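Note sheet for the following structure.
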Amino acid sequence: MIEQTLAIIKPDAMAAGYADAIIKQILNNGFNIIQKEEINLSKEEAEGFYAEHKGRSFFDELVEFMISGPVTVMVLEKDNAILAWRDLMGATDPAQAAEGTIRKLFGASKGNNASHGSDSATSAAREIDYFFPKTCCSH
Ligand code: ADP
Ligand code: MG
């Protein structure tokens with residue numbers, strides 16, 4: 001089934017100049033990039049985006065990281081996009097991520113792991129709507 005998912009190139013990868021290489025991988029893997037915007041998240045936006053993690057030990061660190069510099073937010077589309085993008089990113093911890101994945105190639109640590117991807121259809125609908133209202137399938 002053709003799906004859409006939300007991808008973010010996180011501040012570490014942006015600052016290191018990896019954005020173009022990551023976008024190249026996305027396109028090489030057959031995704032269509034149907035929305036793309038470089039933005040600076042406010043603290044409130046980052047907290048709201050990661051609301052499911054509020055109360056976790058790493059929450060404050062995560063929010064500070066996500067507002068530390070610009071990010072690129074994208075809507076990706078292809079068959080099975082949600083799982084396909086999670087697979088291409090690799091495991092949350094770059095040390096555990098498979099060879100050739102974005103987090104393995106461009107991530108430095110469990111926190112600074114270069115990219116975000118929606119983890120389910122429900123998350124994808126919410127996250128796409130969070131940055132690109134009226135784009136996703138839920139409308
Ligand atoms: P994923 O991004 O793979 O879906 P999670 O939803 O579990 O992973 O976590 C969201 C983000 O929070 C991670 O991508 C990472 O940047 C950060 N994070 C998760 N766990 C930790 C941790 N133990 N220490 C520091 N940062 C973390
Ligand atoms: Mg997650």
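Simple scheme: letters A, B, ... for chains in structure tokens order, numbers from 1 for residues in each chain, numbers from 1 for ligands in the order shown.
Residue neighbourhood of Ala15 (chain A), excluding near-sequence residues (fewer than 5 positions): Lys10, Ser68, Gly69, Pro70 and Val71 of chain A, at 10 Å, using only C-alpha atoms.
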Based on the selection just made, write C-alpha atoms of those residues as an mmCIF file, in the first residue's frame.
data_model
loop_
_atom_site.group_PDB
_atom_site.id
_atom_site.type_symbol
_atom_site.label_atom_id
_atom_site.label_comp_id
_atom_site.auth_asym_id
_atom_site.auth_seq_id
_atom_site.Cartn_x
_atom_site.Cartn_y
_atom_site.Cartn_z
ATOM 1 C CA LYS A 10 18.147 16.004 12.880
ATOM 2 C CA SER A 68 20.075 23.108 18.831
ATOM 3 C CA GLY A 69 20.032 23.901 15.113
ATOM 4 C CA PRO A 70 17.973 23.650 11.947
ATOM 5 C CA VAL A 71 16.278 20.423 10.929
#
Next item on the list: Could you give me the residues within 6 Å of ligand 1, counting only C-alpha atoms and all ligand atoms, as a list in words?
Entry: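 After applying the 6 Å limit, what remains is Phe58, Leu62, Thr92, Lys110, Gly111, Asn112, Asn113 and His116 of chain A.
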Put those residues in a file: N, CA, C and O atoms, as an mmCIF file, in the first residue's frame.
data_model
loop_
_atom_site.group_PDB
_atom_site.id
_atom_site.type_symbol
_atom_site.label_atom_id
_atom_site.label_comp_id
_atom_site.auth_asym_id
_atom_site.auth_seq_id
_atom_site.Cartn_x
_atom_site.Cartn_y
_atom_site.Cartn_z
ATOM 1 N N PHE A 58 15.524 10.795 29.104
ATOM 2 C CA PHE A 58 16.229 11.500 28.034
ATOM 3 C C PHE A 58 15.410 12.630 27.409
ATOM 4 O O PHE A 58 15.860 13.252 26.449
ATOM 5 N N LEU A 62 16.696 15.343 24.697
ATOM 6 C CA LEU A 62 16.158 15.197 23.347
ATOM 7 C C LEU A 62 15.621 16.531 22.831
ATOM 8 O O LEU A 62 15.914 16.933 21.690
ATOM 9 N N THR A 92 17.616 2.694 16.578
ATOM 10 C CA THR A 92 17.746 3.981 17.279
ATOM 11 C C THR A 92 19.200 4.274 17.654
ATOM 12 O O THR A 92 19.681 5.392 17.481
ATOM 13 N N LYS A 110 23.044 7.246 20.643
ATOM 14 C CA LYS A 110 21.609 6.970 20.725
ATOM 15 C C LYS A 110 20.790 8.258 20.660
ATOM 16 O O LYS A 110 19.700 8.276 20.090
ATOM 17 N N GLY A 111 21.302 9.327 21.231
ATOM 18 C CA GLY A 111 20.598 10.604 21.167
ATOM 19 C C GLY A 111 20.819 11.296 19.829
ATOM 20 O O GLY A 111 19.873 11.697 19.143
ATOM 21 N N ASN A 112 22.088 11.426 19.453
ATOM 22 C CA ASN A 112 22.439 12.116 18.204
ATOM 23 C C ASN A 112 22.499 11.091 17.074
ATOM 24 O O ASN A 112 23.572 10.644 16.681
ATOM 25 N N ASN A 113 21.322 10.750 16.571
ATOM 26 C CA ASN A 113 21.242 9.627 15.627
ATOM 27 C C ASN A 113 20.732 10.019 14.235
ATOM 28 O O ASN A 113 20.207 9.195 13.502
ATOM 29 N N HIS A 116 14.888 10.984 12.099
ATOM 30 C CA HIS A 116 13.631 10.530 12.727
ATOM 31 C C HIS A 116 12.735 9.906 11.678
ATOM 32 O O HIS A 116 12.731 10.340 10.522
#
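For ligand 2, the protein and nucleic acid residues at most 12 Å away, judged by only C-alpha atoms and all ligand atoms, amount to A:Leu6, A:Ala7, A:Ile8, A:Phe49, A:Tyr50, A:Ala51, A:Glu52, A:His53, A:Leu62, A:Ile82, A:Arg86, A:Met89, A:Gly90, A:Ala91, A:Thr92, A:Asp93, A:Lys110, A:Gly111, A:Asn113, A:Ser115, A:His116, A:Gly117, A:Ser118, A:Asp119, A:Ser120, A:Ser123, A:Ala124, A:Glu127.
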Store the residues picked out above in a file with N, CA, C and O atoms, as an mmCIF file, in the first residue's frame.
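Result file is out-v8.cif:
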data_model
loop_
_atom_site.group_PDB
_atom_site.id
_atom_site.type_symbol
_atom_site.label_atom_id
_atom_site.label_comp_id
_atom_site.auth_asym_id
_atom_site.auth_seq_id
_atom_site.Cartn_x
_atom_site.Cartn_y
_atom_site.Cartn_z
ATOM 1 N N LEU A 6 6.640 10.622 8.051
ATOM 2 C CA LEU A 6 7.397 11.842 8.330
ATOM 3 C C LEU A 6 8.855 11.490 8.630
ATOM 4 O O LEU A 6 9.125 10.628 9.469
ATOM 5 N N ALA A 7 9.746 12.165 7.938
ATOM 6 C CA ALA A 7 11.181 12.014 8.178
ATOM 7 C C ALA A 7 11.752 13.351 8.625
ATOM 8 O O ALA A 7 11.308 14.403 8.163
ATOM 9 N N ILE A 8 12.713 13.284 9.538
ATOM 10 C CA ILE A 8 13.439 14.497 9.943
ATOM 11 C C ILE A 8 14.932 14.215 9.862
ATOM 12 O O ILE A 8 15.398 13.186 10.358
ATOM 13 N N PHE A 49 6.065 17.596 19.669
ATOM 14 C CA PHE A 49 6.335 16.529 18.709
ATOM 15 C C PHE A 49 6.684 15.233 19.431
ATOM 16 O O PHE A 49 6.245 14.146 19.042
ATOM 17 N N TYR A 50 7.481 15.354 20.489
ATOM 18 C CA TYR A 50 7.945 14.163 21.227
ATOM 19 C C TYR A 50 7.140 13.939 22.510
ATOM 20 O O TYR A 50 7.652 13.324 23.456
ATOM 21 N N ALA A 51 5.911 14.381 22.525
ATOM 22 C CA ALA A 51 5.079 14.297 23.742
ATOM 23 C C ALA A 51 5.012 12.882 24.317
ATOM 24 O O ALA A 51 4.936 12.708 25.538
ATOM 25 N N GLU A 52 5.059 11.871 23.441
ATOM 26 C CA GLU A 52 4.964 10.489 23.936
ATOM 27 C C GLU A 52 6.133 10.137 24.863
ATOM 28 O O GLU A 52 6.046 9.180 25.636
ATOM 29 N N HIS A 53 7.234 10.902 24.766
ATOM 30 C CA HIS A 53 8.418 10.593 25.585
ATOM 31 C C HIS A 53 8.521 11.474 26.829
ATOM 32 O O HIS A 53 9.496 11.367 27.580
ATOM 33 N N LEU A 62 16.696 15.343 24.697
ATOM 34 C CA LEU A 62 16.158 15.197 23.347
ATOM 35 C C LEU A 62 15.621 16.531 22.831
ATOM 36 O O LEU A 62 15.914 16.933 21.690
ATOM 37 N N ILE A 82 6.300 3.616 5.721
ATOM 38 C CA ILE A 82 6.578 3.760 7.163
ATOM 39 C C ILE A 82 7.656 2.767 7.594
ATOM 40 O O ILE A 82 8.687 3.148 8.167
ATOM 41 N N ARG A 86 11.844 3.309 8.308
ATOM 42 C CA ARG A 86 12.452 2.833 9.565
ATOM 43 C C ARG A 86 13.603 1.880 9.253
ATOM 44 O O ARG A 86 14.648 1.920 9.901
ATOM 45 N N MET A 89 16.615 3.840 7.976
ATOM 46 C CA MET A 89 17.280 4.575 9.066
ATOM 47 C C MET A 89 18.120 3.650 9.930
ATOM 48 O O MET A 89 19.178 4.041 10.403
ATOM 49 N N GLY A 90 17.635 2.463 10.212
ATOM 50 C CA GLY A 90 18.313 1.557 11.131
ATOM 51 C C GLY A 90 17.883 1.789 12.577
ATOM 52 O O GLY A 90 17.069 2.656 12.873
ATOM 53 N N ALA A 91 18.467 0.998 13.463
ATOM 54 C CA ALA A 91 18.085 1.028 14.878
ATOM 55 C C ALA A 91 18.364 2.393 15.505
ATOM 56 O O ALA A 91 19.234 3.134 15.051
ATOM 57 N N THR A 92 17.616 2.694 16.578
ATOM 58 C CA THR A 92 17.746 3.981 17.279
ATOM 59 C C THR A 92 19.200 4.274 17.654
ATOM 60 O O THR A 92 19.681 5.392 17.481
ATOM 61 N N ASP A 93 19.875 3.262 18.164
ATOM 62 C CA ASP A 93 21.276 3.406 18.576
ATOM 63 C C ASP A 93 22.186 3.065 17.380
ATOM 64 O O ASP A 93 22.202 1.917 16.929
ATOM 65 N N LYS A 110 23.044 7.246 20.643
ATOM 66 C CA LYS A 110 21.609 6.970 20.725
ATOM 67 C C LYS A 110 20.790 8.258 20.660
ATOM 68 O O LYS A 110 19.700 8.276 20.090
ATOM 69 N N GLY A 111 21.302 9.327 21.231
ATOM 70 C CA GLY A 111 20.598 10.604 21.167
ATOM 71 C C GLY A 111 20.819 11.296 19.829
ATOM 72 O O GLY A 111 19.873 11.697 19.143
ATOM 73 N N ASN A 113 21.322 10.750 16.571
ATOM 74 C CA ASN A 113 21.242 9.627 15.627
ATOM 75 C C ASN A 113 20.732 10.019 14.235
ATOM 76 O O ASN A 113 20.207 9.195 13.502
ATOM 77 N N SER A 115 18.498 11.054 12.339
ATOM 78 C CA SER A 115 17.211 11.071 11.634
ATOM 79 C C SER A 115 16.064 10.586 12.514
ATOM 80 O O SER A 115 16.263 9.876 13.499
ATOM 81 N N HIS A 116 14.888 10.984 12.099
ATOM 82 C CA HIS A 116 13.631 10.530 12.727
ATOM 83 C C HIS A 116 12.735 9.906 11.678
ATOM 84 O O HIS A 116 12.731 10.340 10.522
ATOM 85 N N GLY A 117 11.962 8.927 12.089
ATOM 86 C CA GLY A 117 10.921 8.378 11.232
ATOM 87 C C GLY A 117 9.719 7.934 12.043
ATOM 88 O O GLY A 117 9.876 7.368 13.138
ATOM 89 N N SER A 118 8.538 8.182 11.515
ATOM 90 C CA SER A 118 7.308 7.761 12.197
ATOM 91 C C SER A 118 7.334 6.246 12.411
ATOM 92 O O SER A 118 7.831 5.502 11.576
ATOM 93 N N ASP A 119 6.774 5.795 13.550
ATOM 94 C CA ASP A 119 6.858 4.371 13.893
ATOM 95 C C ASP A 119 5.584 3.583 13.607
ATOM 96 O O ASP A 119 5.550 2.377 13.839
ATOM 97 N N SER A 120 4.532 4.241 13.120
ATOM 98 C CA SER A 120 3.268 3.542 12.830
ATOM 99 C C SER A 120 2.413 4.450 11.959
ATOM 100 O O SER A 120 2.723 5.636 11.797
ATOM 101 N N SER A 123 1.137 7.292 14.104
ATOM 102 C CA SER A 123 2.173 8.317 14.320
ATOM 103 C C SER A 123 2.411 9.121 13.051
ATOM 104 O O SER A 123 2.574 10.345 13.104
ATOM 105 N N ALA A 124 2.453 8.436 11.920
ATOM 106 C CA ALA A 124 2.714 9.133 10.662
ATOM 107 C C ALA A 124 1.644 10.185 10.393
ATOM 108 O O ALA A 124 1.960 11.327 10.022
ATOM 109 N N GLU A 127 2.189 13.041 12.891
ATOM 110 C CA GLU A 127 3.443 13.777 12.686
ATOM 111 C C GLU A 127 3.429 14.574 11.381
ATOM 112 O O GLU A 127 3.956 15.686 11.321
#
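Residues of chain A that DSSP, applied to the backbone, places in strand (DSSP E or B): Ile2, Glu3, Gln4, Thr5, Leu6, Ala7, Ile8, Ile9, Asn32, Ile33, Ile34, Gln35, Lys36, Glu37, Glu38, Ile39, Val71, Thr72, Val73, Met74, Val75, Leu76, Glu77, Lys78, Asp79, Ser115, His116 and Gly117 of chain A.
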Check: Residues at most 12 Å from Ala21 (chain A), counting only C-alpha atoms, excluding those fewer than 5 positions away in the same chain, as number ranges by chain?
Finding: A: 9, 13-14, 16, 26-28, 101-102, 105-106, 114
Next item on the list: Tell me which protein, DNA and RNA residues are within 8 Å of Asp79 (chain A), counting only C-alpha atoms, leaving out same-chain ones fewer than 3 positions away, and put them as an NGL selection string.
Entry: :A and (1-3)
Writer output for current selection, N, CA, C and O atoms, as a compact mmCIF listing (two decimals), in the first residue's frame:
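Generated output (selection_19.txt):
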# COMPACT_ATOMS: atom_id res chain seq x y z
N MET A 1 0.84 -1.20 0.00
CA MET A 1 0.00 0.00 0.00
C MET A 1 0.88 1.25 0.00
O MET A 1 1.84 1.33 0.76
N ILE A 2 0.55 2.20 -0.84
CA ILE A 2 1.28 3.47 -0.84
C ILE A 2 0.99 4.20 0.46
O ILE A 2 -0.17 4.39 0.83
N GLU A 3 2.07 4.56 1.15
CA GLU A 3 1.94 5.25 2.43
C GLU A 3 2.79 6.52 2.41
O GLU A 3 3.72 6.65 1.61
Notebook entry, point to check: Restricting the calculation to only C-alpha atoms, which member of A:Pro11, A:Lys36, A:Phe31, A:Pro133 is positioned closest to Val73 (chain A)?
Noted result: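 Of all the options, A:Lys36 lies closest to Val73 (chain A).
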Item checked: Which of region 6-123 of chain A fall in helix (DSSP H, G or I), as an NGL selection string -> :A and (11-15 or 19-28 or 43-49 or 51-53 or 59-66 or 81-89 or 94-96 or 102-106 or 121-123)
Note to self: Counting only C-alpha atoms, which residue out of A:Glu37, A:Asp129, A:Asp20, A:Asp12 sits closest to Glu64 (chain A)?
What the structure shows: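 Going through A:Glu37, A:Asp129, A:Asp20, A:Asp12 one by one, the smallest distance to Glu64 (chain A) is for A:Asp12.
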Checklist line | Point-to-point distance from CA of Ala97 (chain A) to CA of Tyr18 (chain A), Å rounded to tenths | finding: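 Separation between CA of Ala97 (chain A) and CA of Tyr18 (chain A): 17.4 Å.
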Next item on the list: Could you jot down the CA of Glu61 (chain A) to CA of Ala95 (chain A) separation for me, Å, one decimal place?
Entry: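 Separation between CA of Glu61 (chain A) and CA of Ala95 (chain A): 19.2 Å.
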Item checked: Nearest to Lys78 (chain A) by atom-to-atom distance, counting only C-alpha atoms, from A:Ile34, A:Val63, A:Lys43, A:Phe132 ->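 Of all the options, A:Ile34 lies closest to Lys78 (chain A).
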Notebook entry, point to check: Can you tell me how far CA of Asn29 (chain A) sits from CA of Thr72 (chain A), in Å to one decimal?
Noted result: 18.3 Å
